[in-house]
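Below is the file protein05.cif, which contains mmCIF, C-alpha atoms and all ligand atoms.
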```
data_target
loop_
_atom_site.label_atom_id
_atom_site.label_comp_id
_atom_site.auth_asym_id
_atom_site.auth_seq_id
_atom_site.Cartn_x
_atom_site.Cartn_y
_atom_site.Cartn_z
CA MET R 161 46.02 54.25 126.21
CA LYS R 162 48.24 57.26 127.02
CA ALA R 163 50.70 56.99 129.91
CA ARG R 164 49.75 59.04 132.94
CA VAL R 165 51.58 62.13 134.16
CA LEU R 166 51.15 63.63 137.61
CA SER R 167 52.77 66.60 139.26
CA GLY R 168 52.05 69.05 142.06
CA ILE R 169 52.80 72.53 143.34
CA GLN R 170 52.25 74.05 146.76
CA PRO R 171 49.92 77.07 147.09
CA THR R 172 52.39 79.01 149.21
CA GLY R 173 54.34 82.18 148.47
CA SER R 174 54.23 83.43 144.94
CA PRO R 175 55.06 81.15 141.98
CA HIS R 176 58.34 82.22 140.37
CA ILE R 177 60.40 81.63 137.24
CA GLY R 178 62.14 78.68 138.93
CA ASN R 179 58.78 76.91 139.29
CA TYR R 180 57.93 77.82 135.73
CA LEU R 181 61.19 76.72 134.09
CA GLY R 182 61.72 73.70 136.33
CA ALA R 183 58.19 72.32 136.12
CA LEU R 184 55.18 74.31 134.91
CA LYS R 185 56.47 74.95 131.40
CA ASN R 186 56.96 71.21 130.97
CA TRP R 187 53.49 70.50 132.35
CA ALA R 188 51.90 72.60 129.62
CA LYS R 189 54.19 71.16 126.96
CA ILE R 190 53.62 67.46 127.61
CA GLN R 191 49.91 67.57 128.47
CA TYR R 192 48.82 66.67 124.93
CA ASP R 193 50.99 63.56 124.81
CA TYR R 194 49.90 62.10 128.14
CA ASP R 195 46.90 61.69 130.38
CA SER R 196 47.87 64.52 132.73
CA ILE R 197 46.89 65.38 136.28
CA TYR R 198 48.15 68.57 137.90
CA CYS R 199 47.54 69.01 141.57
CA ILE R 200 47.56 72.06 143.87
CA VAL R 201 48.89 70.40 147.01
CA ASP R 202 47.24 72.27 149.86
CA LEU R 203 47.71 69.36 152.30
CA HIS R 204 51.44 69.73 151.79
CA ALA R 205 51.21 73.48 152.37
CA VAL R 206 49.75 73.01 155.86
CA THR R 207 52.78 71.03 157.03
CA VAL R 208 53.79 74.52 158.15
CA TYR R 209 51.26 77.02 159.52
CA GLN R 210 49.35 78.94 156.87
CA GLN R 211 47.04 81.83 157.60
CA PRO R 212 43.68 80.20 156.62
CA ALA R 213 42.13 83.05 154.59
CA GLU R 214 45.42 83.59 152.78
CA LEU R 215 45.80 79.89 151.96
CA ARG R 216 42.24 79.77 150.61
CA ALA R 217 42.96 82.76 148.34
CA LYS R 218 46.30 81.35 147.18
CA ILE R 219 44.72 78.08 146.05
CA GLU R 220 42.42 79.93 143.67
CA GLU R 221 45.17 82.26 142.47
CA LEU R 222 47.47 79.32 141.76
CA ALA R 223 44.70 77.57 139.82
CA GLY R 224 44.33 80.79 137.79
CA MET R 225 48.09 80.88 137.20
CA LEU R 226 48.24 77.24 136.07
CA LEU R 227 45.52 77.97 133.53
CA ALA R 228 47.39 81.13 132.47
CA ILE R 229 50.64 79.25 131.80
CA GLY R 230 48.72 76.99 129.46
CA ILE R 231 47.24 74.07 131.38
CA ASP R 232 44.30 73.17 129.16
CA PRO R 233 41.35 71.86 131.18
CA LEU R 234 40.03 70.03 128.13
CA HIS R 235 43.18 67.88 128.14
CA SER R 236 44.46 67.93 131.72
CA SER R 237 42.78 67.43 135.07
CA LEU R 238 43.55 70.39 137.31
CA VAL R 239 42.66 69.57 140.92
CA VAL R 240 43.12 70.59 144.54
CA GLN R 241 44.57 67.78 146.63
CA SER R 242 42.29 68.18 149.67
CA ALA R 243 39.19 67.86 147.45
CA ILE R 244 40.09 64.21 146.89
CA PRO R 245 40.21 62.46 150.29
CA GLN R 246 41.87 59.37 148.83
CA HIS R 247 45.24 61.22 148.90
CA ALA R 248 45.21 61.27 152.71
CA GLU R 249 43.75 57.76 152.89
CA LEU R 250 46.49 56.23 150.76
CA ALA R 251 49.14 58.27 152.59
CA TRP R 252 48.28 56.46 155.82
CA MET R 253 48.54 53.04 154.21
CA LEU R 254 51.92 53.98 152.73
CA THR R 255 53.09 55.40 156.07
CA CYS R 256 52.67 51.92 157.49
CA VAL R 257 55.14 50.39 155.01
CA THR R 258 57.72 53.21 155.27
CA PRO R 259 60.68 52.77 157.62
CA LEU R 260 61.24 55.83 159.81
CA GLY R 261 64.93 55.91 158.84
CA TRP R 262 64.03 56.58 155.18
CA LEU R 263 62.14 59.72 156.21
CA GLU R 264 64.74 60.97 158.68
CA ARG R 265 67.36 60.79 155.94
CA MET R 266 65.52 63.16 153.60
CA THR R 267 67.48 66.36 152.94
CA GLN R 268 64.41 68.57 153.25
CA PHE R 269 63.46 67.05 156.61
CA LYS R 270 67.01 67.41 157.92
CA ALA R 271 67.20 71.07 156.83
CA LYS R 272 63.80 71.97 158.27
CA SER R 273 64.18 70.05 161.50
CA GLN R 274 67.57 71.62 162.20
CA ALA R 275 66.17 75.10 161.57
CA GLN R 276 63.35 74.79 164.13
CA GLU R 277 63.09 73.90 167.77
CA THR R 278 59.86 71.95 167.44
CA ILE R 279 58.82 70.39 164.22
CA GLY R 280 55.43 69.10 163.10
CA ASP R 281 55.06 65.43 162.26
CA GLY R 282 53.69 66.60 158.89
CA ILE R 283 57.20 67.64 157.82
CA LEU R 284 58.44 64.12 158.42
CA GLN R 285 55.45 62.58 156.62
CA TYR R 286 55.60 65.07 153.75
CA PRO R 287 57.30 62.73 151.25
CA VAL R 288 54.89 59.88 152.05
CA LEU R 289 51.95 62.12 151.13
CA MET R 290 53.82 63.05 147.97
CA ALA R 291 54.31 59.36 147.14
CA ALA R 292 50.57 58.89 147.70
CA ASP R 293 49.78 61.73 145.24
CA ILE R 294 51.75 59.95 142.55
CA LEU R 295 50.91 56.29 143.27
CA LEU R 296 47.19 57.00 143.70
CA TYR R 297 46.92 57.62 139.95
CA GLN R 298 49.48 55.00 138.88
CA ALA R 299 51.47 57.84 137.28
CA ALA R 300 54.34 56.73 135.03
CA ILE R 301 55.94 60.17 134.63
CA VAL R 302 56.44 62.99 137.12
CA PRO R 303 57.68 66.30 135.65
CA VAL R 304 59.48 68.25 138.40
CA GLY R 305 62.51 70.42 139.09
CA ASP R 306 65.72 68.85 140.37
CA ASP R 307 64.96 69.62 144.04
CA GLN R 308 62.23 66.95 143.99
CA SER R 309 64.50 64.12 142.76
CA GLN R 310 65.12 62.70 146.23
CA HIS R 311 61.39 62.69 147.00
CA LEU R 312 60.76 60.83 143.76
CA GLU R 313 63.36 58.21 144.63
CA LEU R 314 61.61 57.68 147.93
CA ALA R 315 58.25 57.33 146.16
CA ARG R 316 59.76 54.54 144.06
CA ASP R 317 61.24 52.87 147.16
CA ILE R 318 57.86 52.97 148.90
CA ALA R 319 56.10 51.57 145.81
CA GLN R 320 58.66 48.78 145.54
CA ARG R 321 58.36 47.89 149.19
CA PHE R 322 54.57 47.81 149.02
CA ASN R 323 54.65 45.70 145.85
CA SER R 324 57.05 43.19 147.40
CA LEU R 325 55.06 42.92 150.65
CA TYR R 326 51.55 42.79 149.17
CA GLY R 327 51.95 41.94 145.47
CA GLU R 328 52.19 44.11 142.32
CA THR R 329 49.98 47.12 142.99
CA PHE R 330 51.74 50.30 141.93
CA THR R 331 53.25 51.57 138.68
CA MET R 332 56.88 52.73 139.12
CA PRO R 333 57.00 56.49 138.49
CA ALA R 334 59.90 58.03 136.51
CA THR R 335 61.34 61.48 137.26
CA HIS R 336 61.15 63.86 134.29
CA LEU R 337 63.51 66.86 134.52
CA PRO R 338 63.74 69.67 131.96
CA THR R 339 66.97 69.72 129.90
CA VAL R 340 67.56 73.39 130.77
CA GLY R 341 66.34 75.02 133.98
CA ALA R 342 65.98 72.03 136.33
CA ARG R 343 67.52 74.14 139.12
CA ILE R 344 67.20 77.92 138.89
CA MET R 345 69.22 79.68 141.56
CA GLY R 346 68.38 82.77 143.61
CA LEU R 347 69.30 86.05 141.89
CA ASP R 348 70.70 87.46 145.13
CA ASP R 349 72.64 84.31 145.98
CA PRO R 350 73.43 81.88 143.15
CA GLN R 351 74.48 79.21 145.66
CA LYS R 352 70.88 78.87 146.84
CA LYS R 353 67.94 77.46 144.92
CA MET R 354 65.31 80.06 143.99
CA SER R 355 62.56 79.43 146.50
CA LYS R 356 58.99 80.58 147.19
CA SER R 357 59.62 80.80 150.92
CA GLU R 358 62.63 83.11 150.57
CA THR R 359 61.39 86.64 151.20
CA GLY R 360 64.33 88.80 150.05
CA SER R 361 63.10 91.32 147.48
CA GLY R 362 65.90 90.56 145.02
CA HIS R 363 65.74 86.77 145.35
CA ALA R 364 63.12 85.55 142.89
CA VAL R 365 61.23 86.86 139.88
CA SER R 366 57.56 86.18 140.48
CA LEU R 367 55.46 85.25 137.47
CA LEU R 368 53.33 88.31 138.22
CA ASP R 369 56.13 90.86 138.63
CA PRO R 370 55.62 93.92 136.41
CA PRO R 371 58.36 94.67 133.83
CA ALA R 372 59.99 97.42 135.91
CA VAL R 373 60.37 95.10 138.90
CA ILE R 374 61.79 92.31 136.73
CA ARG R 375 64.36 94.72 135.25
CA LYS R 376 65.36 95.96 138.68
CA LYS R 377 65.76 92.47 140.16
CA ILE R 378 67.79 91.13 137.24
CA LEU R 379 70.00 94.22 136.96
CA ARG R 380 70.88 93.77 140.63
CA ALA R 381 71.56 90.03 140.37
CA THR R 382 74.78 88.84 142.00
CA THR R 383 77.51 88.02 139.47
CA ASP R 384 81.27 88.13 140.08
CA SER R 385 84.20 90.50 139.69
CA ASN R 386 84.82 89.68 136.01
CA PRO R 387 83.65 92.56 133.79
CA ALA R 388 82.34 90.53 130.87
CA VAL R 389 81.07 87.08 129.88
CA GLU R 390 83.71 84.41 129.28
CA PHE R 391 83.09 80.72 128.63
CA ASP R 392 85.24 77.84 129.90
CA SER R 393 87.96 80.17 131.16
CA PRO R 394 90.79 78.72 133.31
CA ALA R 395 89.62 81.08 136.11
CA GLY R 396 86.31 79.23 136.20
CA HIS R 397 84.12 81.66 134.27
CA PRO R 398 81.24 81.87 133.87
CA GLY R 399 80.74 81.83 137.64
CA PRO R 400 77.49 80.60 139.20
CA GLY R 401 75.65 83.96 139.02
CA VAL R 402 76.36 84.49 135.33
CA ARG R 403 75.67 80.83 134.58
CA ASN R 404 72.28 81.18 136.26
CA LEU R 405 71.42 84.24 134.15
CA LEU R 406 72.45 82.42 130.96
CA THR R 407 70.34 79.40 131.98
CA ILE R 408 67.32 81.65 132.55
CA PHE R 409 67.90 83.23 129.13
CA GLN R 410 68.25 79.89 127.35
CA ALA R 411 65.28 78.33 129.11
CA PHE R 412 63.02 81.22 128.11
CA THR R 413 64.28 81.64 124.54
CA GLY R 414 65.15 78.06 123.63
CA TRP R 415 68.56 79.19 122.30
CA SER R 416 71.20 76.46 121.86
CA ASP R 417 74.52 76.48 123.78
CA ASP R 418 76.42 77.38 120.59
CA ASN R 419 74.22 80.37 119.76
CA THR R 420 74.27 81.56 123.35
CA GLN R 421 78.06 81.37 123.60
CA ALA R 422 78.58 83.12 120.27
CA HIS R 423 76.15 85.88 121.19
CA PHE R 424 77.26 86.58 124.75
CA THR R 425 81.05 86.04 124.65
CA GLY R 426 82.75 89.28 125.65
CA MET R 427 79.47 91.03 126.53
CA ARG R 428 79.59 93.24 129.62
CA TYR R 429 77.49 91.97 132.53
CA GLY R 430 75.26 95.07 132.44
CA ASP R 431 74.28 94.33 128.83
CA LEU R 432 73.84 90.63 129.52
CA LYS R 433 71.44 91.47 132.34
CA LYS R 434 69.41 93.84 130.14
CA GLN R 435 68.98 91.12 127.53
CA VAL R 436 68.03 88.50 130.12
CA ALA R 437 65.48 90.90 131.65
CA GLU R 438 63.87 91.60 128.26
CA ALA R 439 63.68 87.86 127.46
CA VAL R 440 61.94 87.21 130.80
CA ILE R 441 59.56 90.16 130.38
CA SER R 442 58.45 89.18 126.91
CA ALA R 443 57.89 85.55 127.95
CA LEU R 444 55.84 86.53 131.01
CA GLU R 445 53.75 89.25 129.35
CA PRO R 446 51.20 86.94 127.66
CA ILE R 447 50.97 84.82 130.84
CA GLN R 448 50.20 87.91 132.92
CA THR R 449 47.53 89.09 130.46
CA ARG R 450 45.84 85.66 130.46
CA TYR R 451 46.04 85.54 134.25
CA GLN R 452 44.10 88.82 134.57
CA GLU R 453 41.43 87.54 132.17
CA ILE R 454 41.07 84.24 134.01
CA MET R 455 40.91 85.85 137.45
CA ALA R 456 37.99 87.98 136.28
CA ASP R 457 35.92 84.78 136.03
CA ARG R 458 36.24 82.92 139.34
CA GLY R 459 33.25 80.74 138.41
CA PHE R 460 35.31 79.32 135.55
CA ILE R 461 38.15 78.35 137.91
CA ALA R 462 35.70 76.66 140.30
CA ARG R 463 34.19 74.68 137.42
CA VAL R 464 37.61 73.58 136.15
CA LEU R 465 38.58 72.31 139.61
CA ALA R 466 35.25 70.55 140.15
CA ASN R 467 35.40 68.87 136.72
CA GLY R 468 39.00 67.79 137.34
CA ALA R 469 38.09 66.21 140.67
CA GLU R 470 35.07 64.50 139.19
CA ARG R 471 37.12 63.08 136.33
CA ILE R 472 39.91 61.58 138.45
CA THR R 473 38.15 60.52 141.67
CA PRO R 474 37.20 57.11 140.18
CA ILE R 475 40.90 56.44 139.41
CA ALA R 476 41.86 57.35 142.99
CA GLN R 477 39.07 55.19 144.43
CA ASP R 478 40.07 52.26 142.26
CA THR R 479 43.64 52.38 143.63
CA VAL R 480 42.46 52.70 147.22
CA ASN R 481 40.17 49.68 146.73
CA LYS R 482 43.07 47.68 145.31
CA VAL R 483 45.38 48.67 148.17
CA LYS R 484 42.78 47.85 150.83
CA LYS R 485 42.17 44.47 149.26
CA ALA R 486 45.91 43.76 148.99
CA MET R 487 46.44 44.64 152.67
CA GLY R 488 43.38 42.77 153.93
CA LEU R 489 41.62 45.92 155.15
CA TYR R 490 37.84 45.90 155.37
CA SER R 491 36.07 46.91 152.21
CA ASP R 492 32.63 46.08 150.89
CA SER R 493 33.43 46.98 147.27
P1 LIG U 501 57.04 73.21 144.98
O1 LIG U 501 55.69 73.80 145.21
O2 LIG U 501 58.16 73.63 145.87
O3 LIG U 501 57.53 73.53 143.50
C1 LIG U 501 56.75 73.24 142.34
C2 LIG U 501 57.66 72.76 141.22
O4 LIG U 501 58.65 73.77 140.95
C3 LIG U 501 59.94 73.17 140.95
N1 LIG U 501 60.92 74.16 141.43
C4 LIG U 501 62.03 74.52 140.78
N2 LIG U 501 62.55 74.13 139.60
C5 LIG U 501 63.71 74.70 139.22
N3 LIG U 501 64.37 75.64 139.93
C6 LIG U 501 63.89 76.05 141.13
N4 LIG U 501 64.53 76.98 141.84
C7 LIG U 501 62.66 75.48 141.61
N5 LIG U 501 61.92 75.67 142.73
C8 LIG U 501 60.86 74.84 142.61
C9 LIG U 501 59.83 71.99 141.90
O5 LIG U 501 60.82 71.03 141.63
C10 LIG U 501 58.43 71.50 141.61
O6 LIG U 501 58.45 70.61 140.50
N6 LIG U 501 56.90 68.60 146.96
C11 LIG U 501 56.50 69.41 145.80
C12 LIG U 501 55.02 69.37 145.51
C13 LIG U 501 54.41 68.02 145.31
C14 LIG U 501 54.59 67.14 144.20
C15 LIG U 501 53.75 66.02 144.44
C16 LIG U 501 55.37 67.20 143.04
C17 LIG U 501 53.53 67.42 146.15
N7 LIG U 501 53.11 66.22 145.63
C18 LIG U 501 53.67 64.94 143.54
C19 LIG U 501 55.30 66.12 142.15
C20 LIG U 501 54.46 65.02 142.41
C21 LIG U 501 56.88 70.86 146.06
O7 LIG U 501 56.97 71.31 147.18
O8 LIG U 501 56.96 71.63 144.95
#
```

Take the structure I supplied and represent it as structure tokens, if you would.
Ligand code: TYM
Amino acid sequence: MKARVLSGIQPTGSPHIGNYLGALKNWAKIQYDYDSIYCIVDLHAVTVYQQPAELRAKIEELAGMLLAIGIDPLHSSLVVQSAIPQHAELAWMLTCVTPLGWLERMTQFKAKSQAQETIGDGILQYPVLMAADILLYQAAIVPVGDDQSQHLELARDIAQRFNSLYGETFTMPATHLPTVGARIMGLDDPQKKMSKSETGSGHAVSLLDPPAVIRKKILRATTDSNPAVEFDSPAGHPGPGVRNLLTIFQAFTGWSDDNTQAHFTGMRYGDLKKQVAEAVISALEPIQTRYQEIMADRGFIARVLANGAERITPIAQDTVNKVKKAMGLYSDS
């Protein structure tokens, strides 16, 4: 039997090249080697207010995008989290074994709770729901970008705690990061992770940006005062902005470090940016074409999501039954 993979993405904002290089590209790549489940996590999205009609539209668009980047519904189960009520059911049971201190220590919770005067309980519980997504399917491998590493550690801690309190129940999930592109930084500020919620027009390249927009964003990317690319210089070059551009280039083209260094050493930043932009454009072009084709057949998307849910609901129910039994909760199955 193949090991199980699970990962998720929130249907908020517009998916960008950080999402693609950090996670989605890997999802498509490993789906033939594992029993894969990819989840559009709408219950996570509503931890902050979402305009309902917009959220509903974004779920379908994201499903279309995941198919466009190569998720193959004959091999992977593509699902929407809220269509499978066992996610929320297991999340409650896991909440009850999770010490509050573990959640208050999470970087994402600390950042979000400091930024707002009042904060929804959903933000605190967010990583427990994420642990439930993973543990519900006994996933062994979770392909994500580096920003999810802390959440994954917590998922393992929760699984371990449950297993030691109630007996072996959950598989321990391993974090799977890409070798290049695990943390793509913002083009406008290479100290900040590229993020869907950041609204600056020069911050992220969306997977649906037309070529002219991609060129403009990359040509304006923040670099440093050096005129040309240098590697391992005593002055600390390449700086974070240039390093980010080189990472984007390598992640899209698959070029080795040696080839990249030989090719770009001494190149002026303007020329580097042009080459990075063209690499991004040519990688996104086929994805954008497929996306338009897929979005013309909404019935197809609905069928893929329904089939995915039908295929994996028995796995989710089986875990919930096991957990209820282990905890002594009432169950007639
Ligand atoms: P989300 O929706 O923020 O991002 C989806 C995936 O994209 C990765 N990613 C990045 N990778 C590299 N560079 C970046 N700048 C960048 N920005 C985002 C993320 O690491 C992620 O893999 N909590 C998750 C969703 C989730 C989940 C799960 C993931 C819910 N349940 C269960 C795995 C397993 C999130 O908000 O991802």

Checklist entry - Taking all atoms listed in the file into account, which residues are within 7 Å of ligand LIG 501 (chain U), as a PyMOL selection string? => result chain R and resi 166-171+178-184+201+204+289-291+293-294+302-308+341-345+353-355

Item to check | Closest of R:Leu296, R:Ala243, R:Ile454, R:Val389 to Met427 in chain R - atom-to-atom distances counting all atoms listed in the file | outcome: R:Val389

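When all atoms listed in the file are used to compute distances to Arg450 in chain R, the closest of the residues R:Ala228, R:Lys189, R:Asp202, R:Arg216 turns out to be R:Ala228.
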
Using only C-alpha atoms, what does the table of range 189-305 of chain R residues within 12 Å of range 360-375 of chain R look like, with each row giving the shortest atom pair and its distance in Å to one decimal, sorted by chain and ascending number, as a Markdown table?
```
| residue | atom | partner | partner_atom | distance |
| --- | --- | --- | --- | --- |
| R:Glu221 | CA | R:Leu368 | CA | 11.0 |
| R:Leu222 | CA | R:Leu367 | CA | 10.8 |
| R:Gly224 | CA | R:Leu368 | CA | 11.7 |
| R:Met225 | CA | R:Leu367 | CA | 8.6 |
| R:Leu226 | CA | R:Leu367 | CA | 10.9 |
| R:Ala228 | CA | R:Leu367 | CA | 10.3 |
| R:Ile229 | CA | R:Leu367 | CA | 9.6 |
```

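Taking CA of Thr407 in chain R as the reference point, CA of Ser357 in chain R is found at 21.8 Å.
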
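Take CA of Val436 in chain R and CA of Thr172 in chain R: the distance between them is 26.4 Å.
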
Checklist outcome for this item: With distances taken over all atoms listed in the file, the candidate from R:Lys218, R:Lys162, R:Lys377, R:Lys185 nearest Ala443 in chain R is R:Lys185

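From CA of Val340 in chain R back to CA of Ile177 in chain R, the distance works out to 12.7 Å.
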
Next on the checklist: List the spatial neighbours of range 433-435 of chain R as a ChimeraX atom specification - criterion: any atom at most 6 Å away, only C-alpha atoms, same-chain residues fewer than 3 positions off excluded.
Outcome noted: /R:379,430,438

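For the set R:Glu277, R:Cys199, R:Gln210, R:Leu312, the residue with the smallest atom-to-atom gap to Ala334 in chain R is R:Leu312, counting only C-alpha atoms.
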
Next on the checklist: My list of candidates is R:Ala275, R:Ala300, R:Leu254, R:Ala411. Which is closest to Phe322 in chain R when distances are computed with all atoms listed in the file?
Outcome noted: R:Leu254

Using the file's own x, y and z axes, so that the box edges lie along x, y and z, what centre and edge lengths in Å (one decimal) does a box around every listed atom of range 449-467 of chain R get when 4 Å is added on each side? Give it as JSON.
```
{"center_x": 40.4, "center_y": 79.0, "center_z": 135.4, "size_x": 22.3, "size_y": 28.2, "size_z": 17.8}
```

Next on the checklist: Give me, as a ChimeraX atom specification, all polymer residues having an atom no more than 12 Å from Gly261 in chain R, counting all atoms listed in the file and skipping those fewer than 6 positions away in the same chain.
Outcome noted: /R:269-270,284-285,314

Checklist entry - Between R:Arg403, R:Lys484, R:Lys272, R:Arg164, which has the minimum distance to Ile301 in chain R (counting all atoms listed in the file)? => result R:Arg164

Item to check | Exercise: Gly399 in chain R partners within 10 Å, all atoms listed in the file, chain neighbours under 4 positions left out, as a PyMOL selection string | outcome: chain R and resi 350+383-386+389-393+395+403-404

Give me, as CSV, each residue of range 402-467 of chain R that comes within 9 Å of range 238-241 of chain R, together with its shortest interatomic pair and the distance in Å at one decimal, counting only C-alpha atoms, with rows ordered by chain and rising residue number.
```
residue,atom,partner,partner_atom,distance
R:Val464,CA,R:Leu238,CA,6.8
R:Leu465,CA,R:Val239,CA,5.1
R:Ala466,CA,R:Val239,CA,7.5
R:Asn467,CA,R:Leu238,CA,8.3
```

Grab the residues selected above and save them as a short mmCIF file (atom, residue, chain, number, x, y, z; two decimals), keeping the file's coordinate frame with C-alpha atoms.
```cif
data_model
loop_
_atom_site.label_atom_id
_atom_site.label_comp_id
_atom_site.auth_asym_id
_atom_site.auth_seq_id
_atom_site.Cartn_x
_atom_site.Cartn_y
_atom_site.Cartn_z
CA VAL R 464 37.61 73.58 136.15
CA LEU R 465 38.58 72.31 139.61
CA ALA R 466 35.25 70.55 140.15
CA ASN R 467 35.40 68.87 136.72
#
```

Item to check | Contacts of Ala188 in chain R within 8 Å, all atoms listed in the file, excl. fewer than 5 positions in-chain, as a ChimeraX atom specification | outcome: /R:229-232
